[in-house]
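What follows is the content of start.csv (CSV, C-alpha atoms).
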chain,number,residue,atom,x,y,z
A,166,MET,CA,-26.5,40.4,31.4
A,167,SER,CA,-30.2,41.0,31.6
A,168,GLU,CA,-32.6,38.9,29.7
A,169,LEU,CA,-33.8,41.8,27.5
A,170,VAL,CA,-30.3,42.6,26.4
A,171,ARG,CA,-29.6,39.0,25.7
A,172,ASN,CA,-32.7,38.6,23.6
A,173,ALA,CA,-32.1,41.8,21.7
A,174,GLY,CA,-28.5,40.6,21.0
A,175,TYR,CA,-29.8,37.2,19.9
A,176,ILE,CA,-32.3,38.7,17.5
A,177,ALA,CA,-29.7,41.2,16.1
A,178,LEU,CA,-27.1,38.5,15.6
A,179,SER,CA,-29.7,36.2,14.0
A,180,VAL,CA,-30.6,38.9,11.5
A,181,ILE,CA,-26.9,39.5,10.7
A,182,ALA,CA,-26.4,35.7,10.3
A,183,ALA,CA,-29.4,35.5,8.0
A,184,ALA,CA,-28.1,38.5,5.9
A,185,GLY,CA,-24.7,36.7,5.6
A,186,ALA,CA,-26.4,33.4,4.6
A,187,LEU,CA,-28.6,35.2,2.0
A,188,THR,CA,-25.5,36.8,0.6
A,189,VAL,CA,-23.9,33.4,0.1
A,190,VAL,CA,-27.0,32.1,-1.6
A,191,PHE,CA,-27.8,35.1,-3.9
A,192,SER,CA,-24.5,36.9,-4.5
A,193,ARG,CA,-23.1,36.6,-8.0
A,194,ASP,CA,-19.6,37.8,-7.0
A,195,VAL,CA,-17.4,35.0,-5.5
A,196,MET,CA,-15.6,37.3,-3.0
A,197,ARG,CA,-18.8,38.8,-1.8
A,198,MET,CA,-20.0,35.2,-1.2
A,199,ALA,CA,-16.9,34.5,0.9
A,200,ALA,CA,-17.5,37.7,2.8
A,201,GLY,CA,-21.1,36.7,3.5
A,202,LEU,CA,-19.9,33.3,4.7
A,203,ALA,CA,-17.5,35.1,7.1
A,204,VAL,CA,-20.3,37.3,8.4
A,205,PHE,CA,-22.5,34.2,8.9
A,206,LEU,CA,-19.8,32.3,10.8
A,207,LEU,CA,-18.9,35.2,13.0
A,208,SER,CA,-22.6,35.7,13.8
A,209,VAL,CA,-22.9,32.1,14.8
A,210,ALA,CA,-19.9,32.5,17.0
A,211,GLY,CA,-21.6,35.4,18.7
A,212,LEU,CA,-24.8,33.3,19.1
A,213,PHE,CA,-22.6,30.6,20.8
A,214,GLY,CA,-21.3,33.3,23.1
A,215,LEU,CA,-24.9,34.5,24.0
A,216,HIS,CA,-25.6,30.9,24.9
A,217,ALA,CA,-22.8,31.2,27.5
A,218,LEU,CA,-20.6,28.8,25.5
A,219,SER,CA,-17.6,31.0,25.3
A,220,PHE,CA,-15.1,28.3,24.5
A,221,LEU,CA,-17.2,27.1,21.6
A,222,ALA,CA,-17.5,30.7,20.3
A,223,VAL,CA,-13.7,31.0,20.4
A,224,ALA,CA,-13.3,27.6,18.7
A,225,GLN,CA,-15.7,28.6,16.0
A,226,ILE,CA,-13.7,31.8,15.3
A,227,PHE,CA,-10.4,29.9,15.3
A,228,LEU,CA,-11.5,26.8,13.4
A,229,TYR,CA,-14.0,28.3,10.9
A,230,VAL,CA,-13.2,31.9,10.4
A,231,GLY,CA,-9.4,31.5,10.9
A,232,GLY,CA,-9.1,28.1,9.3
A,233,VAL,CA,-11.9,26.9,7.0
A,234,LEU,CA,-12.6,30.3,5.6
A,235,ILE,CA,-9.0,30.9,4.7
A,236,VAL,CA,-9.0,27.5,2.9
A,237,VAL,CA,-12.2,28.5,1.1
A,238,LEU,CA,-10.5,31.7,-0.1
A,239,PHE,CA,-7.4,29.7,-1.3
A,240,ALA,CA,-9.7,27.4,-3.2
A,241,ILE,CA,-11.5,30.3,-4.8
A,242,MET,CA,-8.2,31.9,-5.8
A,243,LEU,CA,-7.0,28.5,-7.3
A,244,VAL,CA,-10.2,27.7,-9.1
A,245,HIS,CA,-11.7,31.0,-10.2
A,246,ARG,CA,-8.6,32.5,-11.8
A,247,SER,CA,-9.2,34.2,-15.1
A,248,ASP,CA,-7.7,37.1,-16.9
A,249,GLU,CA,-11.0,38.7,-17.7
A,250,GLY,CA,-12.0,39.1,-14.1
A,251,ARG,CA,-13.9,36.9,-11.7
A,252,PRO,CA,-16.6,34.9,-13.3
A,253,ALA,CA,-20.1,35.4,-12.0
A,254,LEU,CA,-21.6,32.6,-9.8
A,255,GLU,CA,-24.7,31.2,-11.5
A,256,SER,CA,-27.8,30.0,-9.9
A,257,ARG,CA,-31.1,28.5,-10.9
A,258,HIS,CA,-33.7,29.9,-8.6
A,259,ASP,CA,-36.8,27.8,-9.2
A,260,ILE,CA,-40.0,27.1,-7.2
A,261,GLY,CA,-39.0,23.5,-6.6
A,262,SER,CA,-35.9,24.4,-4.6
A,263,LEU,CA,-37.8,27.1,-2.7
A,264,SER,CA,-40.6,24.6,-1.9
A,265,VAL,CA,-38.1,22.0,-0.5
A,266,ALA,CA,-36.3,24.6,1.6
A,267,LEU,CA,-39.6,26.0,3.0
A,268,GLY,CA,-40.9,22.5,3.6
A,269,VAL,CA,-37.8,21.6,5.6
A,270,PHE,CA,-38.1,24.9,7.6
A,271,VAL,CA,-41.7,24.2,8.4
A,272,LEU,CA,-41.1,20.6,9.2
A,273,VAL,CA,-38.2,21.3,11.6
A,274,SER,CA,-39.9,24.3,13.3
A,275,PHE,CA,-43.2,22.5,13.9
A,276,SER,CA,-41.7,19.2,15.0
A,277,LEU,CA,-39.5,20.9,17.6
A,278,TRP,CA,-41.9,23.7,18.5
A,279,ASP,CA,-43.3,22.0,21.6
A,280,VAL,CA,-40.0,20.6,22.7
A,281,ALA,CA,-37.9,23.8,22.4
A,282,PRO,CA,-38.3,26.4,25.1
A,283,ARG,CA,-38.6,30.1,24.2
A,284,LEU,CA,-35.8,32.7,24.4
A,285,GLY,CA,-34.8,33.4,27.9
A,286,ASP,CA,-32.0,33.4,30.3
A,287,VAL,CA,-29.4,30.6,30.1
A,288,ALA,CA,-27.3,28.9,32.7
A,289,PRO,CA,-23.8,30.3,33.2
A,290,GLY,CA,-21.0,28.7,31.3
A,291,ALA,CA,-19.0,25.9,32.8
A,292,GLY,CA,-15.5,27.2,32.0
A,293,THR,CA,-12.6,25.6,30.4
A,294,ASP,CA,-11.5,23.6,33.4
A,295,ALA,CA,-14.8,21.7,33.5
A,296,LEU,CA,-14.6,21.3,29.7
A,297,GLY,CA,-11.1,19.8,30.0
A,298,ASP,CA,-12.4,17.4,32.7
A,299,VAL,CA,-15.1,16.3,30.4
A,300,ILE,CA,-13.0,16.0,27.2
A,301,LEU,CA,-10.1,14.2,29.0
A,302,GLY,CA,-12.5,12.2,31.2
A,303,PRO,CA,-15.7,10.5,30.0
A,304,LEU,CA,-15.4,11.8,26.4
A,305,LEU,CA,-11.8,10.8,25.9
A,306,PRO,CA,-12.6,8.1,23.3
A,307,HIS,CA,-14.7,10.7,21.4
A,308,PHE,CA,-11.8,13.1,21.6
A,309,GLU,CA,-9.4,10.5,20.3
A,310,ALA,CA,-11.8,9.6,17.5
A,311,ALA,CA,-12.0,13.2,16.5
A,312,GLY,CA,-8.3,13.3,16.2
A,313,VAL,CA,-8.2,10.2,14.2
A,314,LEU,CA,-10.9,11.6,11.9
A,315,LEU,CA,-8.8,14.7,11.3
A,316,LEU,CA,-5.8,12.6,10.5
A,317,ILE,CA,-8.0,10.5,8.0
A,318,ALA,CA,-9.2,13.8,6.5
A,319,LEU,CA,-5.6,15.0,6.1
A,320,ILE,CA,-4.6,11.8,4.4
A,321,ALA,CA,-7.7,11.9,2.2
A,322,VAL,CA,-6.8,15.5,1.1
A,323,LEU,CA,-3.3,14.3,0.2
A,324,VAL,CA,-4.6,11.4,-1.7
A,325,VAL,CA,-7.2,13.5,-3.6
A,326,MET,CA,-4.8,16.3,-4.4
A,327,GLY,CA,-1.7,14.2,-5.2
A,328,GLY,CA,-3.2,11.0,-6.4
A,329,ASP,CA,-3.1,11.9,-10.0
A,330,SER,CA,0.4,11.7,-11.3
A,331,GLU,CA,-0.5,12.3,-15.0
B,5,MET,CA,-40.0,33.3,20.0
B,6,SER,CA,-38.8,29.7,20.0
B,7,VAL,CA,-35.1,29.1,19.8
B,8,VAL,CA,-35.8,26.6,16.9
B,9,VAL,CA,-37.0,29.2,14.4
B,10,ILE,CA,-33.7,31.0,13.7
B,11,PRO,CA,-31.5,27.9,13.2
B,12,ALA,CA,-34.2,26.2,11.2
B,13,GLY,CA,-34.5,29.3,9.0
B,14,LEU,CA,-30.7,29.5,8.5
B,15,PHE,CA,-30.7,25.8,7.6
B,16,ALA,CA,-33.4,26.3,5.0
B,17,ILE,CA,-31.4,29.2,3.5
B,18,GLY,CA,-28.4,26.9,3.2
B,19,LEU,CA,-30.5,24.1,1.8
B,20,TYR,CA,-31.9,26.5,-0.8
B,21,GLY,CA,-28.4,27.5,-1.7
B,22,VAL,CA,-27.3,23.8,-2.2
B,23,LEU,CA,-30.3,23.2,-4.4
B,24,SER,CA,-30.2,26.4,-6.5
B,25,ARG,CA,-26.5,27.2,-6.9
B,26,ARG,CA,-24.8,25.9,-10.0
B,27,ASP,CA,-21.2,26.4,-8.8
B,28,LEU,CA,-19.3,24.0,-6.6
B,29,VAL,CA,-17.8,26.7,-4.4
B,30,ALA,CA,-21.2,28.2,-3.7
B,31,VAL,CA,-22.6,24.8,-3.0
B,32,LEU,CA,-19.9,24.0,-0.5
B,33,ALA,CA,-20.4,27.4,1.2
B,34,SER,CA,-24.1,26.6,1.4
B,35,VAL,CA,-23.3,23.3,3.0
B,36,GLU,CA,-21.2,25.1,5.6
B,37,ILE,CA,-24.2,27.3,6.4
B,38,MET,CA,-26.3,24.1,6.9
B,39,LEU,CA,-23.6,22.7,9.2
B,40,GLY,CA,-23.4,25.9,11.2
B,41,SER,CA,-27.1,26.1,11.6
B,42,ALA,CA,-27.4,22.5,12.7
B,43,THR,CA,-24.7,23.1,15.3
B,44,LEU,CA,-26.5,26.2,16.5
B,45,LEU,CA,-29.8,24.2,16.8
B,46,LEU,CA,-28.0,21.5,18.8
B,47,VAL,CA,-26.4,23.8,21.3
B,48,SER,CA,-29.5,26.1,21.5
B,49,LEU,CA,-31.7,23.2,22.5
B,50,ALA,CA,-29.1,21.7,24.8
B,51,THR,CA,-28.5,24.9,26.7
B,52,ARG,CA,-32.2,25.7,27.1
B,53,LEU,CA,-33.3,22.2,28.0
B,54,GLY,CA,-30.4,21.7,30.4
B,55,THR,CA,-28.1,18.8,31.0
B,56,VAL,CA,-28.3,16.0,33.6
B,57,ASP,CA,-25.5,17.4,35.8
B,58,GLY,CA,-26.4,21.1,35.1
B,59,SER,CA,-23.1,21.8,33.5
B,60,THR,CA,-22.6,23.1,30.0
B,61,ALA,CA,-19.2,21.5,29.6
B,62,GLY,CA,-20.6,18.5,27.8
B,63,ILE,CA,-22.5,20.7,25.4
B,64,GLU,CA,-19.4,22.6,24.5
B,65,ALA,CA,-17.5,19.3,24.0
B,66,ILE,CA,-20.2,17.9,21.7
B,67,GLY,CA,-20.3,21.2,19.8
B,68,LEU,CA,-16.5,21.1,19.5
B,69,PHE,CA,-16.7,17.6,18.0
B,70,VAL,CA,-19.3,18.8,15.5
B,71,LEU,CA,-16.9,21.6,14.5
B,72,VAL,CA,-14.1,19.1,14.0
B,73,VAL,CA,-16.2,17.0,11.7
B,74,ALA,CA,-17.3,20.1,9.8
B,75,ALA,CA,-13.7,21.1,9.4
B,76,ALA,CA,-12.7,17.7,8.1
B,77,GLU,CA,-15.7,17.8,5.7
B,78,ALA,CA,-14.7,21.2,4.4
B,79,ALA,CA,-11.0,20.2,3.9
B,80,VAL,CA,-11.9,17.1,1.9
B,81,GLY,CA,-14.7,18.9,0.0
B,82,LEU,CA,-12.4,21.8,-1.0
B,83,ALA,CA,-9.6,19.3,-2.1
B,84,ILE,CA,-12.2,17.5,-4.3
B,85,LEU,CA,-13.3,20.9,-5.7
B,86,VAL,CA,-9.7,22.0,-6.6
B,87,THR,CA,-9.0,18.6,-8.1
B,88,VAL,CA,-12.2,18.6,-10.2
B,89,ALA,CA,-11.5,22.1,-11.4
B,90,TYR,CA,-8.0,21.2,-12.6
B,91,ARG,CA,-9.1,17.9,-14.2
B,92,VAL,CA,-12.4,18.9,-15.8
B,93,HIS,CA,-11.7,22.6,-16.1
B,94,THR,CA,-15.1,23.5,-14.7
B,95,THR,CA,-16.8,23.9,-11.3
B,96,ARG,CA,-20.4,23.9,-12.7
B,97,VAL,CA,-22.4,21.2,-11.1
B,98,ASP,CA,-24.5,20.8,-14.3
B,99,GLU,CA,-21.5,19.6,-16.2
B,100,LEU,CA,-20.2,17.3,-13.5
B,101,VAL,CA,-22.4,14.3,-14.3
B,102,GLU,CA,-19.7,11.6,-14.1
B,103,VAL,CA,-18.4,10.3,-10.8
B,104,LYS,CA,-16.1,7.7,-12.4
B,105,GLY,CA,-12.4,8.6,-11.7

Structure translated into structure tokens:
Amino acid sequence: MSELVRNAGYIALSVIAAAGALTVVFSRDVMRMAAGLAVFLLSVAGLFGLHALSFLAVAQIFLYVGGVLIVVLFAIMLVHRSDEGRPALESRHDIGSLSVALGVFVLVSFSLWDVAPRLGDVAPGAGTDALGDVILGPLLPHFEAAGVLLLIALIAVLVVMGGDSE
Amino acid sequence: MSVVVIPAGLFAIGLYGVLSRRDLVAVLASVEIMLGSATLLLVSLATRLGTVDGSTAGIEAIGLFVLVVAAAEAAVGLAILVTVAYRVHTTRVDELVEVKG
């Protein structure tokens, strides 16, 4: 893939991701917000793919779009149920929130500006065999810790959801 | 264009959503945007700056761990959201001022 095509794809996917994120932030309809979140997550998966991280892109689609987003939709259906239609999501758009967000953007951009290289060609991906060697080799304790964390999260969900017997 | 600008901009959009949204579902979705942007910034810098051995396998592994943590956070967050909605009958963050169980 040539560098020009890669950069064009990066910018196009970035614009789509920003559109999805803005939909999440500004949409008043809860299902449109969920659709915007799906667009954002899929675009990020595409950006992972453009960085030659194909396994991470697939994991993002499986884990986020196929897992987390479905859970979000279930939560929306459980919480926002009403006979008179879906309630509108309210926001309080003030200058303070905008200032904080812009400040963080400027801070992160300028602090990493000199460190971060510009858009360009990236090294080819390592492949799943090398990833497996890393995960089941030097990063095995981290892999086990991630599994334990998921187990703790599962137990926490059960405690939170089923802890109240009243 | 630097690779920092896009993830930082997406992170700022998510942060603005967290600060301005008044519904827990939208706040959680905005947090997901912030997490996704942070992961994107992490792997963008890692792939462009390169690794010690020149392989991207370590980057994918670290990104995978971040995804796992984000999934755990989302599961617990949504469980709390549903529980709060059933107990207090609202998901407006303005009305959720007590953290006592």

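Any residue of chain B with an atom no more than 6 Å from chain A counts as a contact; using all atoms listed in the file, that gives Met5, Ser6, Val7, Val8, Val9, Ala12, Gly13, Ala16, Leu19, Tyr20, Gly21, Leu23, Ser24, Arg25, Arg26, Ser59, Thr60, Ala61, Glu64, Ala76, Val80 and Ala83 of chain B.
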
Please write the residues from the selection above to a file, keeping C-alpha atoms, as a PDB file, in the frame of the given file.
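As a result, selection_18.pdb now contains:
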ATOM      1  CA  MET B   5     -40.000  33.300  20.000  1.00  0.00           C
ATOM      2  CA  SER B   6     -38.800  29.700  20.000  1.00  0.00           C
ATOM      3  CA  VAL B   7     -35.100  29.100  19.800  1.00  0.00           C
ATOM      4  CA  VAL B   8     -35.800  26.600  16.900  1.00  0.00           C
ATOM      5  CA  VAL B   9     -37.000  29.200  14.400  1.00  0.00           C
ATOM      6  CA  ALA B  12     -34.200  26.200  11.200  1.00  0.00           C
ATOM      7  CA  GLY B  13     -34.500  29.300   9.000  1.00  0.00           C
ATOM      8  CA  ALA B  16     -33.400  26.300   5.000  1.00  0.00           C
ATOM      9  CA  LEU B  19     -30.500  24.100   1.800  1.00  0.00           C
ATOM     10  CA  TYR B  20     -31.900  26.500  -0.800  1.00  0.00           C
ATOM     11  CA  GLY B  21     -28.400  27.500  -1.700  1.00  0.00           C
ATOM     12  CA  LEU B  23     -30.300  23.200  -4.400  1.00  0.00           C
ATOM     13  CA  SER B  24     -30.200  26.400  -6.500  1.00  0.00           C
ATOM     14  CA  ARG B  25     -26.500  27.200  -6.900  1.00  0.00           C
ATOM     15  CA  ARG B  26     -24.800  25.900 -10.000  1.00  0.00           C
ATOM     16  CA  SER B  59     -23.100  21.800  33.500  1.00  0.00           C
ATOM     17  CA  THR B  60     -22.600  23.100  30.000  1.00  0.00           C
ATOM     18  CA  ALA B  61     -19.200  21.500  29.600  1.00  0.00           C
ATOM     19  CA  GLU B  64     -19.400  22.600  24.500  1.00  0.00           C
ATOM     20  CA  ALA B  76     -12.700  17.700   8.100  1.00  0.00           C
ATOM     21  CA  VAL B  80     -11.900  17.100   1.900  1.00  0.00           C
ATOM     22  CA  ALA B  83      -9.600  19.300  -2.100  1.00  0.00           C
TER      23      ALA B  83
END

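Of the residues under consideration (A:Val223, A:Gly214, A:Glu309, A:Ala177), A:Gly214 shows the shortest atom-to-atom contact distance to Val47 (chain B) when counting all atoms listed in the file.
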
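Going from CA of Gly302 (chain A) to CA of Leu44 (chain B) covers 24.7 Å.
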
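CA of Ser34 (chain B) is positioned 12.2 Å from CA of Ala203 (chain A).
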
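Around the point (-14.3, 23.1, -4.3), within 7 Å and counting all atoms listed in the file, we find these residues: Ala240 of chain A; Leu28, Val29, Leu32, Gly81, Leu82, Ala83, Ile84, Leu85 and Val86 of chain B.
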
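Interatomic distance, CA of Thr43 (chain B) against CA of Asp27 (chain B): 24.6 Å.
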